[in-house]
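*Asks:* Have a peek at target-v6.cif (mmCIF, C-alpha atoms and all ligand atoms).
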```cif
data_data
loop_
_atom_site.label_atom_id
_atom_site.label_comp_id
_atom_site.auth_asym_id
_atom_site.auth_seq_id
_atom_site.Cartn_x
_atom_site.Cartn_y
_atom_site.Cartn_z
CA MET A 227 19.15 17.68 -19.52
CA ILE A 228 17.77 16.55 -16.16
CA PRO A 229 14.35 14.90 -16.55
CA HIS A 230 11.65 16.89 -14.74
CA HIS A 231 14.47 18.99 -13.18
CA ASP A 232 14.64 16.20 -10.60
CA PHE A 233 18.31 15.68 -9.85
CA LEU A 234 17.51 13.55 -6.81
CA ALA A 235 15.62 11.02 -8.95
CA LEU A 236 18.47 10.95 -11.47
CA SER A 237 20.97 10.38 -8.66
CA ARG A 238 18.90 7.63 -7.08
CA ALA A 239 18.77 5.91 -10.49
CA HIS A 240 22.61 5.98 -10.64
CA GLU A 241 23.38 5.05 -7.06
CA TRP A 242 27.15 5.17 -6.89
CA GLN A 243 28.28 6.89 -10.07
CA LEU A 244 26.98 9.19 -12.78
CA GLU A 245 29.00 10.34 -15.80
CA PRO A 246 29.67 14.08 -15.62
CA PHE A 247 27.77 16.41 -17.96
CA SER A 248 27.01 20.09 -18.10
CA PHE A 249 24.57 22.50 -19.68
CA SER A 250 23.43 26.10 -19.47
CA LEU A 251 20.17 27.36 -18.06
CA PRO A 252 18.14 29.70 -20.32
CA HIS A 253 19.51 32.83 -18.62
CA GLY A 254 23.09 31.60 -19.18
CA ASP A 255 24.09 30.26 -15.75
CA ARG A 256 26.12 27.05 -15.93
CA VAL A 257 25.09 23.75 -14.41
CA GLU A 258 27.73 21.05 -14.02
CA VAL A 259 26.90 17.56 -12.84
CA TRP A 260 30.10 16.14 -11.36
CA ASP A 261 28.78 12.77 -10.20
CA THR A 262 25.70 11.16 -8.78
CA GLY A 263 24.29 13.56 -6.19
CA VAL A 264 26.85 16.27 -6.96
CA LEU A 265 25.72 19.32 -8.94
CA LEU A 266 27.26 22.79 -9.31
CA ILE A 267 25.31 25.91 -10.21
CA ASP A 268 27.75 28.58 -11.38
CA PRO A 269 25.97 31.87 -12.10
CA LEU A 270 27.25 34.18 -14.84
CA HIS A 271 27.57 36.97 -12.30
CA ALA A 272 28.36 35.09 -9.12
CA GLY A 273 28.13 36.84 -5.75
CA HIS A 274 30.61 36.96 -2.91
CA ARG A 275 30.04 33.51 -1.43
CA ALA A 276 31.00 30.02 -2.58
CA GLN A 277 28.71 27.65 -0.71
CA ILE A 278 27.98 23.96 -0.39
CA ILE A 279 24.62 22.61 0.72
CA SER A 280 24.79 18.89 1.42
CA CYS A 281 22.18 16.41 2.63
CA GLY A 282 21.57 12.66 2.64
CA ILE A 283 25.02 11.76 3.95
CA HIS A 284 22.75 9.44 5.93
CA GLY A 285 20.30 7.92 3.46
CA ASN A 286 17.22 7.85 5.68
CA GLU A 287 17.41 11.51 6.76
CA THR A 288 14.74 12.51 4.34
CA ALA A 289 13.51 15.98 5.30
CA PRO A 290 16.70 17.84 4.28
CA ILE A 291 16.91 15.74 1.11
CA GLU A 292 13.39 16.80 0.17
CA LEU A 293 14.10 20.45 1.05
CA CYS A 294 17.25 20.54 -1.09
CA ASN A 295 15.64 18.81 -4.05
CA GLN A 296 12.70 21.20 -3.90
CA LEU A 297 15.05 24.19 -3.97
CA LEU A 298 17.26 22.71 -6.67
CA GLY A 299 14.25 21.76 -8.81
CA ARG A 300 13.03 25.35 -8.77
CA LEU A 301 16.49 26.61 -9.75
CA LEU A 302 16.76 24.11 -12.62
CA ALA A 303 13.25 24.95 -13.80
CA GLY A 304 14.14 28.64 -13.94
CA GLU A 305 11.59 29.64 -11.29
CA LEU A 306 14.48 30.86 -9.14
CA ARG A 307 17.91 32.12 -10.11
CA ALA A 308 21.06 31.49 -8.09
CA CYS A 309 23.00 34.54 -6.95
CA HIS A 310 25.99 32.59 -5.58
CA LYS A 311 28.14 29.73 -6.80
CA THR A 312 26.52 26.75 -5.06
CA LEU A 313 27.41 23.07 -4.93
CA PHE A 314 24.53 20.74 -4.04
CA ILE A 315 25.46 17.33 -2.66
CA PHE A 316 23.11 14.41 -2.06
CA GLY A 317 25.50 12.21 -0.14
CA ASN A 318 24.35 8.61 -0.25
CA PRO A 319 21.73 7.82 -2.95
CA ALA A 320 22.17 4.03 -2.56
CA ALA A 321 21.31 4.24 1.14
CA MET A 322 18.29 6.44 0.26
CA ASN A 323 17.01 3.70 -2.05
CA LEU A 324 17.25 1.18 0.79
CA ALA A 325 15.75 3.69 3.28
CA VAL A 326 18.73 3.13 5.57
CA ARG A 327 21.28 5.37 7.26
CA GLU A 328 24.19 3.61 5.58
CA VAL A 329 24.75 0.68 3.24
CA GLU A 330 27.91 -0.64 4.90
CA GLU A 331 29.52 2.08 6.95
CA ASN A 332 28.58 5.46 8.45
CA LEU A 333 29.65 7.94 5.77
CA ASN A 334 29.91 10.77 8.30
CA ARG A 335 32.80 9.01 10.10
CA LEU A 336 34.90 8.61 6.94
CA PHE A 337 36.18 12.09 6.13
CA SER A 338 39.56 13.74 6.67
CA GLY A 339 41.21 10.61 5.34
CA ALA A 340 39.39 8.10 7.59
CA HIS A 341 38.16 6.39 4.40
CA SER A 342 41.72 5.14 3.84
CA ARG A 343 42.57 4.11 7.39
CA GLY A 344 42.11 0.61 8.80
CA ALA A 345 43.54 -2.35 6.93
CA GLY A 346 41.33 -4.33 4.61
CA HIS A 347 38.42 -1.92 4.67
CA HIS A 348 37.13 -1.25 1.21
CA ASN A 349 33.51 -0.44 0.65
CA ARG A 350 31.45 1.91 -1.44
CA GLU A 351 30.92 4.45 1.32
CA ARG A 352 34.68 4.76 1.71
CA GLN A 353 35.04 5.35 -2.04
CA ARG A 354 32.22 7.85 -1.90
CA ALA A 355 33.81 9.75 1.01
CA ALA A 356 37.10 9.97 -0.88
CA ARG A 357 35.34 11.32 -3.97
CA LEU A 358 33.25 13.81 -1.98
CA GLU A 359 36.46 15.14 -0.44
CA GLN A 360 37.86 15.67 -3.94
CA TYR A 361 34.71 17.51 -5.07
CA VAL A 362 34.81 19.82 -2.05
CA GLU A 363 38.47 20.58 -2.65
CA ARG A 364 37.83 21.19 -6.36
CA PHE A 365 34.94 23.51 -5.52
CA PHE A 366 36.98 25.62 -3.10
CA ALA A 367 40.30 25.46 -5.00
CA GLY A 368 41.70 28.96 -5.51
CA GLU A 369 38.38 30.38 -4.32
CA SER A 370 38.70 33.90 -2.92
CA ARG A 371 35.01 34.22 -2.08
CA GLU A 372 33.69 33.53 1.39
CA ARG A 373 33.47 29.75 1.81
CA CYS A 374 30.52 28.02 3.49
CA HIS A 375 29.33 24.43 3.88
CA TYR A 376 26.04 23.45 5.52
CA ASP A 377 25.68 19.68 5.95
CA LEU A 378 22.03 18.98 6.71
CA HIS A 379 20.87 16.02 8.81
CA THR A 380 18.03 14.83 10.98
CA ALA A 381 18.60 13.07 14.32
CA ILE A 382 17.60 9.49 15.18
CA ARG A 383 15.86 10.48 18.43
CA ASP A 384 13.73 13.27 19.86
CA SER A 385 15.53 16.34 21.06
CA ARG A 386 14.73 18.88 23.77
CA TYR A 387 15.82 21.42 21.16
CA GLU A 388 14.42 20.19 17.86
CA LYS A 389 16.95 21.91 15.61
CA PHE A 390 20.59 22.31 16.51
CA ALA A 391 23.97 22.60 14.84
CA VAL A 392 27.44 21.27 15.56
CA TYR A 393 30.11 23.93 15.12
CA PRO A 394 33.30 22.04 14.25
CA TYR A 395 36.53 22.57 16.15
CA LEU A 396 38.25 25.65 14.73
CA GLY A 397 41.71 25.32 16.29
CA GLU A 398 43.55 28.26 17.79
CA ALA A 399 43.72 30.56 14.78
CA ARG A 400 40.08 30.92 13.81
CA SER A 401 37.12 32.35 15.66
CA TYR A 402 33.38 31.70 15.75
CA SER A 403 31.28 33.67 13.28
CA GLN A 404 28.29 35.44 14.78
CA GLU A 405 26.96 36.14 11.28
CA GLN A 406 26.94 32.40 10.52
CA VAL A 407 25.22 31.64 13.82
CA ARG A 408 22.59 34.24 12.97
CA PHE A 409 22.09 32.66 9.53
CA LEU A 410 21.47 29.30 11.16
CA ALA A 411 19.01 31.01 13.50
CA ALA A 412 17.14 32.15 10.38
CA CYS A 413 16.99 28.42 9.50
CA GLY A 414 15.35 27.82 12.90
CA VAL A 415 18.53 26.66 14.66
CA ARG A 416 19.25 28.40 17.97
CA THR A 417 21.14 25.67 19.79
CA PHE A 418 24.82 25.14 19.03
CA LEU A 419 27.29 22.48 20.08
CA LEU A 420 30.85 23.73 20.05
CA SER A 421 33.16 20.86 19.22
CA ALA A 422 36.50 20.78 21.00
CA SER A 423 38.52 18.41 18.85
CA PRO A 424 39.11 17.24 15.27
CA THR A 425 36.70 14.62 13.96
CA THR A 426 35.89 12.70 10.79
CA THR A 427 32.64 14.42 9.82
CA PHE A 428 31.98 16.06 6.47
CA SER A 429 31.57 19.55 7.93
CA TYR A 430 34.83 19.31 9.89
CA PHE A 431 36.62 18.34 6.66
CA SER A 432 35.41 21.48 4.83
CA SER A 433 36.10 23.63 7.88
CA SER A 434 39.60 22.37 8.63
CA ARG A 435 40.85 21.46 5.17
CA CYS A 436 39.24 24.26 3.14
CA GLN A 437 38.77 26.97 5.81
CA ALA A 438 35.04 27.09 5.12
CA HIS A 439 32.42 28.11 7.63
CA GLY A 440 31.22 24.53 8.15
CA PHE A 441 28.29 23.15 10.16
CA THR A 442 26.50 19.89 10.77
CA VAL A 443 22.88 21.00 11.01
CA GLU A 444 20.29 18.76 12.70
CA LEU A 445 16.78 19.68 11.60
CA GLY A 446 14.53 17.32 13.56
CA LYS A 447 13.77 13.63 13.79
CA VAL A 448 14.19 10.99 11.05
CA ARG A 449 11.02 9.99 9.18
CA PRO A 450 10.45 8.08 5.91
CA PHE A 451 10.21 9.93 2.56
CA GLY A 452 6.86 11.66 2.20
CA GLU A 453 6.05 11.46 5.94
CA ASN A 454 7.74 14.68 7.02
CA ASP A 455 5.57 17.52 8.23
CA MET A 456 7.17 20.06 5.91
CA SER A 457 5.55 22.95 7.80
CA ARG A 458 8.17 22.30 10.51
CA PHE A 459 10.84 23.15 7.95
CA ALA A 460 9.24 26.25 6.42
CA ASP A 461 11.74 28.65 8.02
CA THR A 462 14.64 26.39 7.03
CA TYR A 463 13.48 26.23 3.42
CA ALA A 464 12.96 30.00 3.24
CA ALA A 465 16.43 30.67 4.65
CA LEU A 466 18.10 28.19 2.27
CA GLU A 467 16.29 29.70 -0.70
CA ALA A 468 17.45 33.16 0.34
CA LEU A 469 20.97 31.83 0.89
CA VAL A 470 21.14 30.77 -2.75
CA THR A 471 19.10 33.48 -4.45
CA GLU A 472 19.82 36.67 -2.50
CA ASP A 473 23.03 38.64 -2.24
CA ALA A 474 23.00 39.22 1.51
CA LEU A 475 23.18 36.32 3.94
CA PRO A 476 19.75 35.99 5.56
CA ALA A 477 20.27 36.32 9.29
CA ALA A 478 18.19 36.58 12.46
CA PRO A 479 19.01 39.40 14.89
CA TRP A 480 21.54 38.76 17.63
CA GLN A 481 19.58 38.49 20.86
CA ARG A 482 21.73 36.76 23.39
CA ASP A 483 18.87 35.21 25.36
CA GLU A 484 17.53 33.42 22.31
CA TYR A 485 20.68 31.43 21.59
CA ARG A 486 21.94 28.40 23.49
CA PHE A 487 25.53 27.14 23.36
CA PHE A 488 26.95 23.90 24.68
CA ALA A 489 30.54 22.75 24.90
CA ILE A 490 31.32 19.11 24.27
CA ALA A 491 32.85 18.10 27.59
CA ARG A 492 33.49 14.43 26.86
CA VAL A 493 33.07 11.82 24.15
CA LEU A 494 32.47 8.24 25.31
CA ASN A 495 33.78 5.59 22.95
CA LYS A 496 32.78 1.94 22.96
CA HIS A 497 35.45 -0.41 24.27
CA SER A 498 33.54 -3.71 24.27
CA ASP A 499 30.25 -5.34 23.35
CA ALA A 500 29.30 -5.06 27.02
CA PHE A 501 28.74 -1.31 26.61
CA ARG A 502 25.29 -0.21 27.73
CA PHE A 503 23.55 2.97 28.80
CA LEU A 504 21.80 3.07 32.17
CA PHE A 505 19.16 5.58 31.03
CA ASP A 506 16.04 4.86 28.98
CA ASP A 507 16.39 4.08 25.27
CA ASP A 508 14.06 6.90 24.29
CA VAL A 509 15.74 9.71 26.23
CA ALA A 510 15.77 12.93 24.18
CA ASN A 511 18.94 14.66 23.01
CA PHE A 512 20.04 17.35 25.51
CA THR A 513 18.51 15.56 28.50
CA ALA A 514 20.65 16.58 31.49
CA PHE A 515 21.79 14.36 34.35
CA SER A 516 23.22 15.57 37.65
CA ARG A 517 26.64 14.94 39.16
CA GLY A 518 27.28 11.35 40.18
CA THR A 519 24.63 9.76 37.94
CA VAL A 520 26.03 6.64 36.30
CA LEU A 521 25.30 7.04 32.60
CA ALA A 522 26.86 3.94 31.11
CA GLU A 523 28.96 0.90 31.82
CA ASP A 524 31.34 -0.97 29.57
CA GLY A 525 32.67 -4.14 31.22
CA ASP A 526 34.57 -2.88 34.26
CA LEU A 527 34.31 0.76 33.17
CA ARG A 528 31.62 3.00 34.66
CA TYR A 529 30.88 6.48 33.40
CA GLN A 530 29.50 9.01 35.89
CA VAL A 531 28.48 12.61 35.40
CA GLU A 532 31.52 14.64 36.43
CA ALA A 533 30.25 18.23 36.18
CA GLU A 534 27.32 19.70 38.09
CA ALA A 535 25.23 18.43 35.21
CA GLU A 536 25.99 16.91 31.81
CA ALA A 537 23.52 16.45 28.97
CA VAL A 538 23.56 13.57 26.49
CA VAL A 539 23.58 14.12 22.72
CA PHE A 540 23.48 11.40 20.02
CA PRO A 541 23.50 8.43 22.43
CA ASN A 542 23.80 5.24 20.39
CA ALA A 543 25.08 2.01 21.96
CA LYS A 544 24.77 0.11 18.68
CA VAL A 545 28.00 1.37 17.14
CA ALA A 546 31.15 -0.53 16.23
CA ILE A 547 33.81 -1.00 18.92
CA GLY A 548 36.05 2.06 19.00
CA GLN A 549 33.29 4.38 17.78
CA ARG A 550 31.55 7.17 19.67
CA THR A 551 28.51 6.18 21.74
CA VAL A 552 27.52 9.61 23.08
CA LEU A 553 28.58 13.22 23.46
CA LEU A 554 28.37 14.71 26.97
CA VAL A 555 27.79 18.44 26.85
CA VAL A 556 27.69 21.34 29.31
CA PRO A 557 26.23 24.84 28.84
CA THR A 558 28.65 27.54 27.78
CA THR A 559 28.47 31.09 26.41
CA LEU A 560 29.66 32.98 23.35
CA TRP A 561 29.91 36.74 22.85
CA GLN A 562 28.85 37.59 26.38
ZN ZN B 601 22.83 12.27 9.87
#
```
Using structure tokens, write down the structure from this file.
*Replies:*
Amino acid sequence: MIPHHDFLALSRAHEWQLEPFSFSLPHGDRVEVWDTGVLLIDPLHAGHRAQIISCGIHGNETAPIELCNQLLGRLLAGELRACHKTLFIFGNPAAMNLAVREVEENLNRLFSGAHSRGAGHHNRERQRAARLEQYVERFFAGESRERCHYDLHTAIRDSRYEKFAVYPYLGEARSYSQEQVRFLAACGVRTFLLSASPTTTFSYFSSSRCQAHGFTVELGKVRPFGENDMSRFADTYAALEALVTEDALPAAPWQRDEYRFFAIARVLNKHSDAFRFLFDDDVANFTAFSRGTVLAEDGDLRYQVEAEAEAVVFPNAKVAIGQRTVLLVVPTTLWQ
């Protein structure tokens, strides 16, 4: 039903919409295509997790897209068999075809209802965000299994820590999961950013709205399709394959010294077109600056490092007014 078991190619051929269809794999497990880039594998004897693996929310973040399509292709071909109910999402096929991050608007700023805020804004990414929210809610509706969502990305710039994950704000009632952190370590991620407030990302939506263990996972630096050194993702691929095909969650041991946690101390938003950073354009994520250093100016506003040291993550001055330009983070600890 899916030519060459290549769901990514089918999705890229139907950029914004694909009529739903379903079929069974030879061993009886169900496959349901819900839309372009959205495919459910529902095993006959599903295990104790209901999990979403998403990628390509930004169209040019190719390595996770290739990893997911490789895994999904092997499942569809019958070389591997899913143990858990798994929803695969390729977020923005139209942007992939253009080799750009977004067609009109950053999809990962449009969740938790942001797609419907702001007068006069209608574009395809907003429609897509609204539909992806519906698919996530449908997937988790009435679900008593453990809920997980891993949203896979690559960063625009180099990083002192190549792979890292953003742990969305959990509110007062929920606590961090060491088991989930250890799973991400099996993926090669040992650096975690603990978010301190609600946001409009995909992983925060699943976490807050559906009580899933949700993460934005950054796997390295953006490169064009076919130019990724896939050996850098071998541990990630192996962990994702085990996530889908094995009963137990693959997890690295807990060794405190091997994990790094940062708290998001401040978020700088852009107030005017005069916003500019005072550090080099090519500074790596997690580069730290000491107290008093002026990091950015925005008209009359000047932003200095307030703590003993603050490190910059995701600096990007070329965002729309009102959007985030950078996260400022400070080291913290968990489970000490
Ligand atoms: Zn991204």
*Asks:* Pick out the residues sitting within 10 Å of range 497-511 of chain A, and hand them over as a PyMOL selection string; count all atoms listed in the file, and ignore anything fewer than 4 positions along from it in its own chain.
*Replies:* chain A and resi 381-388+515+519-529+537-553
*Asks:* Please identify all protein, DNA and RNA residues within 8 Å of ligand ZN 601 (chain B), counting only C-alpha atoms and all ligand atoms, and report them as a PDB file with C-alpha atoms, in the frame of the given file.
*Replies:*
```pdb
ATOM      1  CA  GLY A 282      21.570  12.660   2.640  1.00  0.00           C
ATOM      2  CA  ILE A 283      25.020  11.760   3.950  1.00  0.00           C
ATOM      3  CA  HIS A 284      22.750   9.440   5.930  1.00  0.00           C
ATOM      4  CA  GLU A 287      17.410  11.510   6.760  1.00  0.00           C
ATOM      5  CA  ARG A 327      21.280   5.370   7.260  1.00  0.00           C
ATOM      6  CA  ASN A 334      29.910  10.770   8.300  1.00  0.00           C
ATOM      7  CA  LEU A 378      22.030  18.980   6.710  1.00  0.00           C
ATOM      8  CA  HIS A 379      20.870  16.020   8.810  1.00  0.00           C
ATOM      9  CA  THR A 380      18.030  14.830  10.980  1.00  0.00           C
ATOM     10  CA  ALA A 381      18.600  13.070  14.320  1.00  0.00           C
ATOM     11  CA  ILE A 382      17.600   9.490  15.180  1.00  0.00           C
ATOM     12  CA  GLU A 444      20.290  18.760  12.700  1.00  0.00           C
TER      13      GLU A 444
END
```
*Asks:* As a PyMOL selection string, please: the residues near range 231-241 of chain A (cut-off 12 Å, only C-alpha atoms, same-chain neighbours under 3 positions excluded).
*Replies:* chain A and resi 227-228+244-246+251+257-266+281-282+285+288+290-305+314-325+329+350-351+354
*Asks:* I need the residue nearest Thr312 in chain A from this list: A:Ala533, A:Leu410, A:Ala460, A:Ile278. Use all atoms listed in the file for the distance.
*Replies:*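 For Thr312 in chain A, the nearest of the candidates is A:Ile278.
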*Asks:* Pick from A:Arg435, A:Arg458, A:Arg486, A:Lys311: nearest to Phe365 in chain A, with all atoms listed in the file counted?
*Replies:*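 Using all atoms listed in the file, the shortest distance to Phe365 in chain A belongs to A:Lys311.
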*Asks:* Skipping near chain neighbours, those fewer than 6 positions away, what residues fall within 9 Å of Lys389 in chain A using only C-alpha atoms, listed as a ChimeraX atom specification?
*Replies:* /A:380,413-417,443-446
*Asks:* What gap, in Å, lies between CA of Ala367 in chain A and CA of Thr426 in chain A?
*Replies:* 20.8 Å
*Asks:* Here is a test: counting all atoms listed in the file, which residue of A:Cys436, A:Val555, A:Leu469, A:Val493 is nearest to Arg373 in chain A?
*Replies:*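 Closest to Arg373 in chain A, using all atoms listed in the file: A:Cys436.
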*Asks:* Measure the distance from CA of Val448 in chain A to CA of Glu328 in chain A in Å and round it to one decimal.
*Replies:*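 Spanning CA of Val448 in chain A to CA of Glu328 in chain A is a straight-line distance of 13.6 Å.
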